[in-house]
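Here is data-v4.cif, consisting of mmCIF, N, CA and C atoms:
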```
data_run
loop_
_atom_site.label_atom_id
_atom_site.label_comp_id
_atom_site.auth_asym_id
_atom_site.auth_seq_id
_atom_site.Cartn_x
_atom_site.Cartn_y
_atom_site.Cartn_z
N MET J 1 0.85 -1.18 0.00
CA MET J 1 0.00 0.00 0.00
C MET J 1 0.88 1.23 0.00
N THR J 2 0.53 2.16 -0.82
CA THR J 2 1.26 3.42 -0.83
C THR J 2 0.27 4.56 -0.62
N SER J 3 0.81 5.72 -0.29
CA SER J 3 -0.05 6.89 -0.13
C SER J 3 -0.70 7.26 -1.46
N ILE J 4 -0.04 6.94 -2.58
CA ILE J 4 -0.62 7.22 -3.90
C ILE J 4 -1.87 6.37 -4.11
N GLU J 5 -1.79 5.09 -3.75
CA GLU J 5 -2.95 4.21 -3.89
C GLU J 5 -4.10 4.67 -3.00
N LEU J 6 -3.79 5.11 -1.78
CA LEU J 6 -4.83 5.59 -0.89
C LEU J 6 -5.46 6.87 -1.45
N GLU J 7 -4.64 7.74 -1.99
CA GLU J 7 -5.15 8.97 -2.62
C GLU J 7 -6.12 8.62 -3.75
N ASP J 8 -5.76 7.64 -4.57
CA ASP J 8 -6.62 7.23 -5.68
C ASP J 8 -7.94 6.63 -5.18
N LEU J 9 -7.88 5.83 -4.10
CA LEU J 9 -9.10 5.24 -3.54
C LEU J 9 -10.03 6.31 -2.96
N VAL J 10 -9.46 7.29 -2.28
CA VAL J 10 -10.27 8.38 -1.72
C VAL J 10 -10.92 9.17 -2.86
N LYS J 11 -10.16 9.45 -3.92
CA LYS J 11 -10.70 10.18 -5.07
C LYS J 11 -11.89 9.42 -5.67
N LYS J 12 -11.71 8.12 -5.88
CA LYS J 12 -12.79 7.31 -6.47
C LYS J 12 -14.02 7.33 -5.57
N ARG J 13 -13.81 7.20 -4.28
CA ARG J 13 -14.93 7.18 -3.34
C ARG J 13 -15.66 8.52 -3.33
N LEU J 14 -14.92 9.64 -3.38
CA LEU J 14 -15.55 10.96 -3.41
C LEU J 14 -16.29 11.19 -4.72
N GLU J 15 -15.75 10.72 -5.84
CA GLU J 15 -16.45 10.85 -7.12
C GLU J 15 -17.80 10.13 -7.06
N GLU J 16 -17.81 8.94 -6.49
CA GLU J 16 -19.07 8.19 -6.37
C GLU J 16 -20.03 8.89 -5.41
N LEU J 17 -19.51 9.36 -4.29
CA LEU J 17 -20.31 10.01 -3.26
C LEU J 17 -20.97 11.29 -3.77
N LEU J 18 -20.23 12.06 -4.56
CA LEU J 18 -20.70 13.38 -4.99
C LEU J 18 -21.24 13.39 -6.42
N SER J 19 -21.40 12.22 -7.03
CA SER J 19 -21.75 12.13 -8.45
C SER J 19 -23.08 12.79 -8.80
N ASP J 20 -24.03 12.80 -7.90
CA ASP J 20 -25.34 13.38 -8.22
C ASP J 20 -25.56 14.76 -7.59
N LEU J 21 -24.54 15.32 -6.95
CA LEU J 21 -24.68 16.63 -6.31
C LEU J 21 -24.43 17.74 -7.32
N MET J 22 -25.42 18.60 -7.50
CA MET J 22 -25.31 19.73 -8.43
C MET J 22 -25.28 21.02 -7.61
N LEU J 23 -24.23 21.85 -7.83
CA LEU J 23 -24.06 23.09 -7.07
C LEU J 23 -23.83 24.26 -8.03
N PRO J 24 -24.01 25.50 -7.54
CA PRO J 24 -23.82 26.67 -8.39
C PRO J 24 -22.42 26.77 -8.98
N LYS J 25 -22.37 27.28 -10.23
CA LYS J 25 -21.10 27.52 -10.93
C LYS J 25 -20.93 29.03 -11.12
N PRO J 26 -19.70 29.51 -11.15
CA PRO J 26 -19.49 30.93 -11.41
C PRO J 26 -19.66 31.25 -12.89
N ARG J 27 -20.38 32.29 -13.18
CA ARG J 27 -20.54 32.79 -14.56
C ARG J 27 -20.93 31.70 -15.54
N GLY J 28 -21.21 32.08 -16.73
CA GLY J 28 -21.49 31.12 -17.79
C GLY J 28 -22.96 30.82 -17.95
N LYS J 29 -23.26 30.03 -18.97
CA LYS J 29 -24.64 29.68 -19.29
C LYS J 29 -25.22 28.67 -18.31
N GLU J 30 -24.40 27.69 -17.93
CA GLU J 30 -24.87 26.68 -17.00
C GLU J 30 -24.79 27.25 -15.58
N LEU J 31 -25.91 27.22 -14.87
CA LEU J 31 -25.95 27.79 -13.53
C LEU J 31 -25.51 26.82 -12.45
N VAL J 32 -25.59 25.52 -12.75
CA VAL J 32 -25.16 24.51 -11.79
C VAL J 32 -24.29 23.48 -12.49
N GLY J 33 -23.48 22.77 -11.72
CA GLY J 33 -22.64 21.72 -12.28
C GLY J 33 -22.30 20.69 -11.24
N LYS J 34 -21.81 19.55 -11.71
CA LYS J 34 -21.39 18.47 -10.82
C LYS J 34 -20.07 18.86 -10.14
N VAL J 35 -19.85 18.32 -8.97
CA VAL J 35 -18.62 18.55 -8.23
C VAL J 35 -17.51 17.73 -8.88
N LYS J 36 -16.43 18.40 -9.30
CA LYS J 36 -15.30 17.71 -9.91
C LYS J 36 -14.29 17.36 -8.82
N VAL J 37 -13.66 16.20 -8.96
CA VAL J 37 -12.68 15.75 -7.98
C VAL J 37 -11.33 15.62 -8.67
N PHE J 38 -10.30 16.23 -8.08
CA PHE J 38 -8.94 16.23 -8.63
C PHE J 38 -7.98 15.66 -7.61
N THR J 39 -6.87 15.07 -8.08
CA THR J 39 -5.79 14.71 -7.17
C THR J 39 -4.69 15.75 -7.34
N GLY J 40 -3.97 16.00 -6.27
CA GLY J 40 -2.93 17.02 -6.29
C GLY J 40 -3.52 18.38 -6.01
N PHE J 41 -2.95 19.39 -6.62
CA PHE J 41 -3.40 20.76 -6.38
C PHE J 41 -4.58 21.11 -7.27
N TYR J 42 -5.39 22.01 -6.81
CA TYR J 42 -6.56 22.46 -7.56
C TYR J 42 -6.10 23.18 -8.82
N PRO J 43 -6.65 22.87 -10.00
CA PRO J 43 -6.23 23.51 -11.24
C PRO J 43 -6.47 25.02 -11.21
N LEU J 44 -5.46 25.77 -11.57
CA LEU J 44 -5.56 27.23 -11.57
C LEU J 44 -6.15 27.74 -12.87
N THR J 45 -6.75 28.91 -12.82
CA THR J 45 -7.21 29.61 -14.02
C THR J 45 -6.65 31.01 -13.99
N LYS J 46 -6.56 31.62 -15.15
CA LYS J 46 -6.07 32.99 -15.24
C LYS J 46 -7.13 33.94 -14.68
N VAL J 47 -6.65 35.04 -14.11
CA VAL J 47 -7.55 36.05 -13.58
C VAL J 47 -8.49 36.52 -14.69
N GLY J 48 -9.77 36.55 -14.41
CA GLY J 48 -10.77 36.98 -15.37
C GLY J 48 -11.36 35.86 -16.18
N ASP J 49 -10.68 34.69 -16.24
CA ASP J 49 -11.23 33.54 -16.96
C ASP J 49 -12.28 32.84 -16.10
N LYS J 50 -13.24 32.25 -16.76
CA LYS J 50 -14.25 31.47 -16.06
C LYS J 50 -13.61 30.20 -15.53
N ASN J 51 -13.82 29.92 -14.25
CA ASN J 51 -13.26 28.72 -13.66
C ASN J 51 -14.24 27.57 -13.82
N GLU J 52 -13.93 26.67 -14.74
CA GLU J 52 -14.79 25.52 -15.02
C GLU J 52 -14.68 24.44 -13.95
N ASN J 53 -13.77 24.62 -13.00
CA ASN J 53 -13.52 23.59 -12.00
C ASN J 53 -14.29 23.80 -10.70
N ILE J 54 -15.10 24.84 -10.64
CA ILE J 54 -15.94 25.10 -9.47
C ILE J 54 -17.36 24.70 -9.82
N PRO J 55 -18.04 23.92 -9.01
CA PRO J 55 -17.61 23.39 -7.71
C PRO J 55 -16.62 22.25 -7.88
N GLY J 56 -15.69 22.16 -6.94
CA GLY J 56 -14.70 21.10 -7.04
C GLY J 56 -14.00 20.84 -5.73
N ILE J 57 -13.28 19.73 -5.73
CA ILE J 57 -12.51 19.33 -4.57
C ILE J 57 -11.20 18.71 -5.05
N ALA J 58 -10.10 19.11 -4.42
CA ALA J 58 -8.79 18.55 -4.74
C ALA J 58 -8.29 17.79 -3.52
N ILE J 59 -7.81 16.58 -3.74
CA ILE J 59 -7.29 15.78 -2.64
C ILE J 59 -5.85 15.40 -2.91
N LYS J 60 -5.08 15.31 -1.83
CA LYS J 60 -3.68 14.91 -1.98
C LYS J 60 -3.16 14.36 -0.66
N ALA J 61 -2.35 13.32 -0.75
CA ALA J 61 -1.66 12.82 0.42
C ALA J 61 -0.65 13.90 0.82
N CYS J 62 -0.72 14.34 2.07
CA CYS J 62 0.12 15.48 2.46
C CYS J 62 1.09 15.17 3.59
N SER J 63 0.86 14.11 4.33
CA SER J 63 1.81 13.76 5.38
C SER J 63 1.58 12.33 5.84
N GLY J 64 2.54 11.82 6.54
CA GLY J 64 2.43 10.49 7.09
C GLY J 64 3.44 10.29 8.19
N LYS J 65 3.12 9.36 9.08
CA LYS J 65 4.05 9.04 10.17
C LYS J 65 3.74 7.62 10.61
N ASN J 66 4.75 6.77 10.55
CA ASN J 66 4.61 5.37 10.94
C ASN J 66 3.42 4.73 10.24
N ASP J 67 2.35 4.44 10.97
CA ASP J 67 1.21 3.75 10.37
C ASP J 67 0.03 4.68 10.11
N GLU J 68 0.30 5.97 9.91
CA GLU J 68 -0.77 6.92 9.65
C GLU J 68 -0.45 7.75 8.40
N VAL J 69 -1.47 7.92 7.54
CA VAL J 69 -1.36 8.76 6.35
C VAL J 69 -2.47 9.81 6.42
N THR J 70 -2.12 11.05 6.09
CA THR J 70 -3.09 12.13 6.11
C THR J 70 -3.36 12.58 4.69
N ILE J 71 -4.65 12.63 4.32
CA ILE J 71 -5.08 13.10 3.01
C ILE J 71 -5.71 14.48 3.20
N ASN J 72 -5.18 15.46 2.50
CA ASN J 72 -5.70 16.83 2.54
C ASN J 72 -6.80 16.97 1.49
N PHE J 73 -7.86 17.72 1.81
CA PHE J 73 -8.84 18.04 0.78
C PHE J 73 -9.15 19.53 0.80
N ASP J 74 -9.22 20.10 -0.39
CA ASP J 74 -9.57 21.51 -0.59
C ASP J 74 -10.87 21.55 -1.38
N ILE J 75 -11.88 22.20 -0.82
CA ILE J 75 -13.19 22.30 -1.44
C ILE J 75 -13.41 23.73 -1.92
N TYR J 76 -13.86 23.89 -3.15
CA TYR J 76 -14.16 25.21 -3.71
C TYR J 76 -15.61 25.22 -4.17
N VAL J 77 -16.39 26.15 -3.62
CA VAL J 77 -17.79 26.29 -4.01
C VAL J 77 -18.07 27.75 -4.31
N TYR J 78 -19.19 27.99 -4.98
CA TYR J 78 -19.57 29.33 -5.42
C TYR J 78 -21.04 29.55 -5.10
N SER J 79 -21.35 30.74 -4.63
CA SER J 79 -22.74 31.11 -4.42
C SER J 79 -22.83 32.61 -4.25
N GLU J 80 -23.83 33.20 -4.86
CA GLU J 80 -24.05 34.64 -4.69
C GLU J 80 -25.02 34.91 -3.55
N GLU J 81 -25.45 33.85 -2.87
CA GLU J 81 -26.34 34.01 -1.73
C GLU J 81 -25.51 34.23 -0.47
N GLY J 82 -26.10 34.89 0.50
CA GLY J 82 -25.40 35.18 1.74
C GLY J 82 -25.02 33.94 2.54
N ASN J 83 -25.72 32.86 2.31
CA ASN J 83 -25.41 31.62 3.03
C ASN J 83 -24.78 30.58 2.11
N GLY J 84 -24.03 31.03 1.13
CA GLY J 84 -23.42 30.12 0.15
C GLY J 84 -22.41 29.16 0.75
N HIS J 85 -21.86 29.51 1.90
CA HIS J 85 -20.90 28.61 2.53
C HIS J 85 -21.53 27.26 2.88
N ARG J 86 -22.85 27.23 2.92
CA ARG J 86 -23.54 25.99 3.27
C ARG J 86 -23.34 24.90 2.23
N ASN J 87 -23.03 25.28 0.98
CA ASN J 87 -22.72 24.27 -0.05
C ASN J 87 -21.45 23.51 0.32
N GLY J 88 -20.46 24.23 0.82
CA GLY J 88 -19.24 23.58 1.29
C GLY J 88 -19.50 22.71 2.50
N LEU J 89 -20.34 23.20 3.40
CA LEU J 89 -20.70 22.40 4.58
C LEU J 89 -21.44 21.13 4.18
N LEU J 90 -22.26 21.22 3.13
CA LEU J 90 -22.97 20.05 2.63
C LEU J 90 -21.97 18.98 2.16
N ILE J 91 -20.95 19.39 1.43
CA ILE J 91 -19.93 18.45 0.95
C ILE J 91 -19.19 17.83 2.14
N ILE J 92 -18.82 18.66 3.10
CA ILE J 92 -18.11 18.15 4.28
C ILE J 92 -18.96 17.15 5.03
N GLU J 93 -20.25 17.45 5.18
CA GLU J 93 -21.13 16.53 5.90
C GLU J 93 -21.27 15.20 5.15
N LYS J 94 -21.34 15.27 3.82
CA LYS J 94 -21.41 14.03 3.03
C LYS J 94 -20.13 13.20 3.23
N ILE J 95 -18.98 13.86 3.21
CA ILE J 95 -17.70 13.17 3.41
C ILE J 95 -17.66 12.56 4.81
N ARG J 96 -18.04 13.34 5.80
CA ARG J 96 -18.02 12.87 7.18
C ARG J 96 -18.88 11.62 7.36
N ARG J 97 -20.11 11.70 6.86
CA ARG J 97 -21.02 10.56 7.00
C ARG J 97 -20.49 9.33 6.26
N GLU J 98 -19.95 9.53 5.07
CA GLU J 98 -19.43 8.42 4.27
C GLU J 98 -18.29 7.70 4.99
N PHE J 99 -17.30 8.45 5.46
CA PHE J 99 -16.13 7.80 6.03
C PHE J 99 -16.38 7.26 7.44
N TYR J 100 -17.26 7.87 8.20
CA TYR J 100 -17.58 7.30 9.51
C TYR J 100 -18.50 6.08 9.37
N SER J 101 -19.33 6.05 8.34
CA SER J 101 -20.21 4.90 8.11
C SER J 101 -19.48 3.71 7.51
N HIS J 102 -18.50 4.00 6.64
CA HIS J 102 -17.74 2.94 5.95
C HIS J 102 -16.25 3.24 6.09
N PRO J 103 -15.65 2.97 7.27
CA PRO J 103 -14.28 3.40 7.53
C PRO J 103 -13.17 2.54 6.93
N VAL J 104 -13.49 1.35 6.45
CA VAL J 104 -12.42 0.43 6.05
C VAL J 104 -12.26 0.41 4.53
N PHE J 105 -11.00 0.62 4.08
CA PHE J 105 -10.61 0.44 2.69
C PHE J 105 -9.96 -0.93 2.57
N GLU J 106 -9.42 -1.23 1.40
CA GLU J 106 -8.75 -2.52 1.19
C GLU J 106 -7.61 -2.73 2.18
N PHE J 107 -6.85 -1.68 2.45
CA PHE J 107 -5.65 -1.80 3.27
C PHE J 107 -5.50 -0.66 4.27
N ALA J 108 -6.52 0.16 4.42
CA ALA J 108 -6.43 1.30 5.32
C ALA J 108 -7.76 1.48 6.03
N GLU J 109 -7.70 2.12 7.19
CA GLU J 109 -8.91 2.37 7.95
C GLU J 109 -8.99 3.84 8.32
N PHE J 110 -10.12 4.44 8.03
CA PHE J 110 -10.36 5.85 8.36
C PHE J 110 -10.31 6.03 9.86
N LYS J 111 -9.66 7.11 10.30
CA LYS J 111 -9.49 7.37 11.73
C LYS J 111 -10.28 8.60 12.19
N LYS J 112 -10.09 9.75 11.52
CA LYS J 112 -10.80 10.97 11.91
C LYS J 112 -10.74 12.00 10.79
N LEU J 113 -11.54 13.06 10.94
CA LEU J 113 -11.63 14.15 9.96
C LEU J 113 -11.57 15.47 10.70
N THR J 114 -10.82 16.43 10.17
CA THR J 114 -10.86 17.81 10.65
C THR J 114 -11.06 18.72 9.45
N TRP J 115 -11.68 19.89 9.64
CA TRP J 115 -11.90 20.81 8.53
C TRP J 115 -12.00 22.24 9.05
N ASP J 116 -11.82 23.21 8.12
CA ASP J 116 -11.94 24.64 8.41
C ASP J 116 -12.47 25.36 7.19
N LEU J 117 -13.18 26.47 7.42
CA LEU J 117 -13.52 27.40 6.35
C LEU J 117 -12.29 28.28 6.20
N LEU J 118 -11.59 28.15 5.08
CA LEU J 118 -10.30 28.81 4.92
C LEU J 118 -10.39 30.22 4.36
N ASN J 119 -11.25 30.42 3.38
CA ASN J 119 -11.22 31.69 2.67
C ASN J 119 -12.60 32.02 2.12
N ILE J 120 -12.97 33.27 2.28
CA ILE J 120 -14.18 33.77 1.65
C ILE J 120 -13.74 34.95 0.79
N SER J 121 -13.89 34.80 -0.50
CA SER J 121 -13.49 35.85 -1.43
C SER J 121 -14.68 36.13 -2.33
N GLY J 122 -15.48 37.13 -1.95
CA GLY J 122 -16.69 37.40 -2.72
C GLY J 122 -17.61 36.20 -2.62
N PRO J 123 -18.11 35.72 -3.75
CA PRO J 123 -19.03 34.58 -3.71
C PRO J 123 -18.31 33.22 -3.70
N ASN J 124 -16.97 33.23 -3.66
CA ASN J 124 -16.23 31.97 -3.64
C ASN J 124 -15.89 31.58 -2.20
N TYR J 125 -16.10 30.33 -1.89
CA TYR J 125 -15.81 29.82 -0.56
C TYR J 125 -14.81 28.68 -0.69
N GLU J 126 -13.81 28.67 0.20
CA GLU J 126 -12.81 27.61 0.18
C GLU J 126 -12.76 26.96 1.55
N PHE J 127 -12.88 25.65 1.56
CA PHE J 127 -12.77 24.86 2.77
C PHE J 127 -11.55 23.96 2.64
N GLY J 128 -10.92 23.69 3.74
CA GLY J 128 -9.81 22.75 3.76
C GLY J 128 -10.01 21.75 4.87
N GLY J 129 -9.51 20.57 4.67
CA GLY J 129 -9.66 19.57 5.70
C GLY J 129 -8.65 18.46 5.58
N LEU J 130 -8.65 17.61 6.58
CA LEU J 130 -7.73 16.49 6.62
C LEU J 130 -8.49 15.22 6.96
N LEU J 131 -8.18 14.16 6.22
CA LEU J 131 -8.70 12.83 6.50
C LEU J 131 -7.52 12.00 6.99
N TYR J 132 -7.65 11.40 8.14
CA TYR J 132 -6.58 10.60 8.73
C TYR J 132 -6.90 9.12 8.58
N PHE J 133 -5.89 8.34 8.16
CA PHE J 133 -6.07 6.90 7.96
C PHE J 133 -4.96 6.13 8.67
N ASN J 134 -5.31 4.98 9.19
CA ASN J 134 -4.33 4.02 9.69
C ASN J 134 -4.04 3.04 8.57
N ILE J 135 -2.76 2.74 8.39
CA ILE J 135 -2.33 1.77 7.38
C ILE J 135 -1.47 0.72 8.08
N PRO J 136 -1.33 -0.46 7.47
CA PRO J 136 -0.50 -1.49 8.10
C PRO J 136 0.96 -1.04 8.20
N GLU J 137 1.57 -1.36 9.32
CA GLU J 137 3.00 -1.05 9.46
C GLU J 137 3.81 -2.01 8.60
N ILE J 138 4.97 -1.56 8.18
CA ILE J 138 5.88 -2.41 7.41
C ILE J 138 6.68 -3.23 8.41
N VAL J 139 6.64 -4.52 8.23
CA VAL J 139 7.33 -5.44 9.14
C VAL J 139 8.48 -6.08 8.38
N VAL J 140 9.64 -6.05 8.98
CA VAL J 140 10.80 -6.68 8.36
C VAL J 140 10.71 -8.17 8.58
N GLU J 141 10.79 -8.93 7.48
CA GLU J 141 10.70 -10.38 7.57
C GLU J 141 12.10 -10.95 7.83
N GLU J 142 12.14 -11.94 8.70
CA GLU J 142 13.41 -12.61 8.97
C GLU J 142 13.59 -13.72 7.95
N ASP J 143 14.84 -13.96 7.60
CA ASP J 143 15.14 -15.04 6.65
C ASP J 143 14.73 -16.38 7.23
N CYS J 144 14.03 -17.15 6.44
CA CYS J 144 13.62 -18.50 6.86
C CYS J 144 14.47 -19.50 6.11
N ILE J 145 15.34 -20.20 6.82
CA ILE J 145 16.20 -21.19 6.18
C ILE J 145 15.95 -22.54 6.78
#
```
The structure given in the file should be rewritten as structure tokens.
Amino acid sequence: MTSIELEDLVKKRLEELLSDLMLPKPRGKELVGKVKVFTGFYPLTKVGDKNENIPGIAIKACSGKNDEVTINFDIYVYSEEGNGHRNGLLIIEKIRREFYSHPVFEFAEFKKLTWDLLNISGPNYEFGGLLYFNIPEIVVEEDCI
């Protein structure tokens, strides 16, 4: 098991979890869109360009120690309503319920979740969080002769 494999499994699970969720998009003809899930850093757009990646979430393995791996997630949502941050909270609640209800992966077990509202910039809201997993420790095998 590697952190890359765990990152891929979390991405797949979030894609399935959020597949039917439609949230507001910034500008453009389409007013709502599906939540896109990315690995690594969130794709950047040039200032003034329409960001086709909102609503979206980027996940990446960001740290580990012994038998624990931490997956970071960045959520980006858009709303021109005063309570638009609730779209981000909806995603967080879906993630929380999913991982606490089904904590075991093929080789890792979900441990806990933390999150924060990181940035409010006009109608754009950014949330960040961490998913903690336990993974099997690497055991050195002794030669059997």
Written as a list in words, what is the full residue list that the PyMOL selection byres ((chain J and resi 85-101) around 7) yields on the file shown?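 Evaluating the PyMOL selection byres ((chain J and resi 85-101) around 7) on this file yields Ile75, Tyr76, Val77, Ser79, Glu81, Gly82, Asn83, Gly84, His102, Pro103, Val104, Phe110, Tyr125 and Phe127 of chain J.
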Run DSSP on the backbone of this structure and report the residues of chain J it assigns to helix (DSSP H, G or I), as number ranges by chain. J: 3-17, 85-101
Please provide the set of residues having any atom within 6.5 Å of J:Thr39, restricted to only N, CA and C atoms, with same-chain residues fewer than 4 positions apart removed, written as a PyMOL selection string. chain J and resi 57-60
Within 6 Å of (-5.5, 8.3, 11.5) (coordinates as in the file), grab all the protein and nucleic acid residues, counting only N, CA and C atoms, and write them out as a PyMOL selection string. chain J and resi 68-69+110-112+132-134
Apply the PyMOL selection byres (((chain J and resi 43 and name CA) around 12) and name CA) to the file shown and report the selected residues as a list in words.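 So the PyMOL selection byres (((chain J and resi 43 and name CA) around 12) and name CA), applied here, picks out Lys36, Val37, Phe38, Thr39, Gly40, Phe41, Tyr42, Leu44, Thr45, Lys46, Asn51, Glu52, Asn53, Ile54, Pro55, Gly56, Ile57, Ala58, Ile59, Asp74 and Tyr76 of chain J.
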How about saving the chosen residues, N, CA and C atoms kept, as a PDB file, in the frame of the given file?
```pdb
ATOM      1  N   LYS J  36     -16.430  18.400  -9.300  1.00  0.00           N
ATOM      2  CA  LYS J  36     -15.300  17.710  -9.910  1.00  0.00           C
ATOM      3  C   LYS J  36     -14.290  17.360  -8.820  1.00  0.00           C
ATOM      4  N   VAL J  37     -13.660  16.200  -8.960  1.00  0.00           N
ATOM      5  CA  VAL J  37     -12.680  15.750  -7.980  1.00  0.00           C
ATOM      6  C   VAL J  37     -11.330  15.620  -8.670  1.00  0.00           C
ATOM      7  N   PHE J  38     -10.300  16.230  -8.080  1.00  0.00           N
ATOM      8  CA  PHE J  38      -8.940  16.230  -8.630  1.00  0.00           C
ATOM      9  C   PHE J  38      -7.980  15.660  -7.610  1.00  0.00           C
ATOM     10  N   THR J  39      -6.870  15.070  -8.080  1.00  0.00           N
ATOM     11  CA  THR J  39      -5.790  14.710  -7.170  1.00  0.00           C
ATOM     12  C   THR J  39      -4.690  15.750  -7.340  1.00  0.00           C
ATOM     13  N   GLY J  40      -3.970  16.000  -6.270  1.00  0.00           N
ATOM     14  CA  GLY J  40      -2.930  17.020  -6.290  1.00  0.00           C
ATOM     15  C   GLY J  40      -3.520  18.380  -6.010  1.00  0.00           C
ATOM     16  N   PHE J  41      -2.950  19.390  -6.620  1.00  0.00           N
ATOM     17  CA  PHE J  41      -3.400  20.760  -6.380  1.00  0.00           C
ATOM     18  C   PHE J  41      -4.580  21.110  -7.270  1.00  0.00           C
ATOM     19  N   TYR J  42      -5.390  22.010  -6.810  1.00  0.00           N
ATOM     20  CA  TYR J  42      -6.560  22.460  -7.560  1.00  0.00           C
ATOM     21  C   TYR J  42      -6.100  23.180  -8.820  1.00  0.00           C
ATOM     22  N   LEU J  44      -5.460  25.770 -11.570  1.00  0.00           N
ATOM     23  CA  LEU J  44      -5.560  27.230 -11.570  1.00  0.00           C
ATOM     24  C   LEU J  44      -6.150  27.740 -12.870  1.00  0.00           C
ATOM     25  N   THR J  45      -6.750  28.910 -12.820  1.00  0.00           N
ATOM     26  CA  THR J  45      -7.210  29.610 -14.020  1.00  0.00           C
ATOM     27  C   THR J  45      -6.650  31.010 -13.990  1.00  0.00           C
ATOM     28  N   LYS J  46      -6.560  31.620 -15.150  1.00  0.00           N
ATOM     29  CA  LYS J  46      -6.070  32.990 -15.240  1.00  0.00           C
ATOM     30  C   LYS J  46      -7.130  33.940 -14.680  1.00  0.00           C
ATOM     31  N   ASN J  51     -13.820  29.920 -14.250  1.00  0.00           N
ATOM     32  CA  ASN J  51     -13.260  28.720 -13.660  1.00  0.00           C
ATOM     33  C   ASN J  51     -14.240  27.570 -13.820  1.00  0.00           C
ATOM     34  N   GLU J  52     -13.930  26.670 -14.740  1.00  0.00           N
ATOM     35  CA  GLU J  52     -14.790  25.520 -15.020  1.00  0.00           C
ATOM     36  C   GLU J  52     -14.680  24.440 -13.950  1.00  0.00           C
ATOM     37  N   ASN J  53     -13.770  24.620 -13.000  1.00  0.00           N
ATOM     38  CA  ASN J  53     -13.520  23.590 -12.000  1.00  0.00           C
ATOM     39  C   ASN J  53     -14.290  23.800 -10.700  1.00  0.00           C
ATOM     40  N   ILE J  54     -15.100  24.840 -10.640  1.00  0.00           N
ATOM     41  CA  ILE J  54     -15.940  25.100  -9.470  1.00  0.00           C
ATOM     42  C   ILE J  54     -17.360  24.700  -9.820  1.00  0.00           C
ATOM     43  N   PRO J  55     -18.040  23.920  -9.010  1.00  0.00           N
ATOM     44  CA  PRO J  55     -17.610  23.390  -7.710  1.00  0.00           C
ATOM     45  C   PRO J  55     -16.620  22.250  -7.880  1.00  0.00           C
ATOM     46  N   GLY J  56     -15.690  22.160  -6.940  1.00  0.00           N
ATOM     47  CA  GLY J  56     -14.700  21.100  -7.040  1.00  0.00           C
ATOM     48  C   GLY J  56     -14.000  20.840  -5.730  1.00  0.00           C
ATOM     49  N   ILE J  57     -13.280  19.730  -5.730  1.00  0.00           N
ATOM     50  CA  ILE J  57     -12.510  19.330  -4.570  1.00  0.00           C
ATOM     51  C   ILE J  57     -11.200  18.710  -5.050  1.00  0.00           C
ATOM     52  N   ALA J  58     -10.100  19.110  -4.420  1.00  0.00           N
ATOM     53  CA  ALA J  58      -8.790  18.550  -4.740  1.00  0.00           C
ATOM     54  C   ALA J  58      -8.290  17.790  -3.520  1.00  0.00           C
ATOM     55  N   ILE J  59      -7.810  16.580  -3.740  1.00  0.00           N
ATOM     56  CA  ILE J  59      -7.290  15.780  -2.640  1.00  0.00           C
ATOM     57  C   ILE J  59      -5.850  15.400  -2.910  1.00  0.00           C
ATOM     58  N   ASP J  74      -9.220  20.100  -0.390  1.00  0.00           N
ATOM     59  CA  ASP J  74      -9.570  21.510  -0.590  1.00  0.00           C
ATOM     60  C   ASP J  74     -10.870  21.550  -1.380  1.00  0.00           C
ATOM     61  N   TYR J  76     -13.860  23.890  -3.150  1.00  0.00           N
ATOM     62  CA  TYR J  76     -14.160  25.210  -3.710  1.00  0.00           C
ATOM     63  C   TYR J  76     -15.610  25.220  -4.170  1.00  0.00           C
TER      64      TYR J  76
END
```
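Relative to atom CA of J:Ser3, atom C of J:Leu131 is found at 11.5 Å.
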In Å, with one decimal, what is the gap from atom N of J:Ile4 to atom CA of J:Leu21? 26.7 Å
Counting only C-alpha atoms, which of J:Pro136, J:Glu80, J:Glu126, J:Lys12 gets nearest to J:Lys25?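 Smallest distance to J:Lys25 is found for J:Glu80.
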I need the residues in stretch 39-139 of chain J that are strand (DSSP E or B) according to DSSP; give them as a PyMOL selection string. chain J and resi 39+56-65+68-78+104+109-121+124-134
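Straight-line separation from atom CA of J:Cys62 to atom C of J:Leu130: 9.7 Å.
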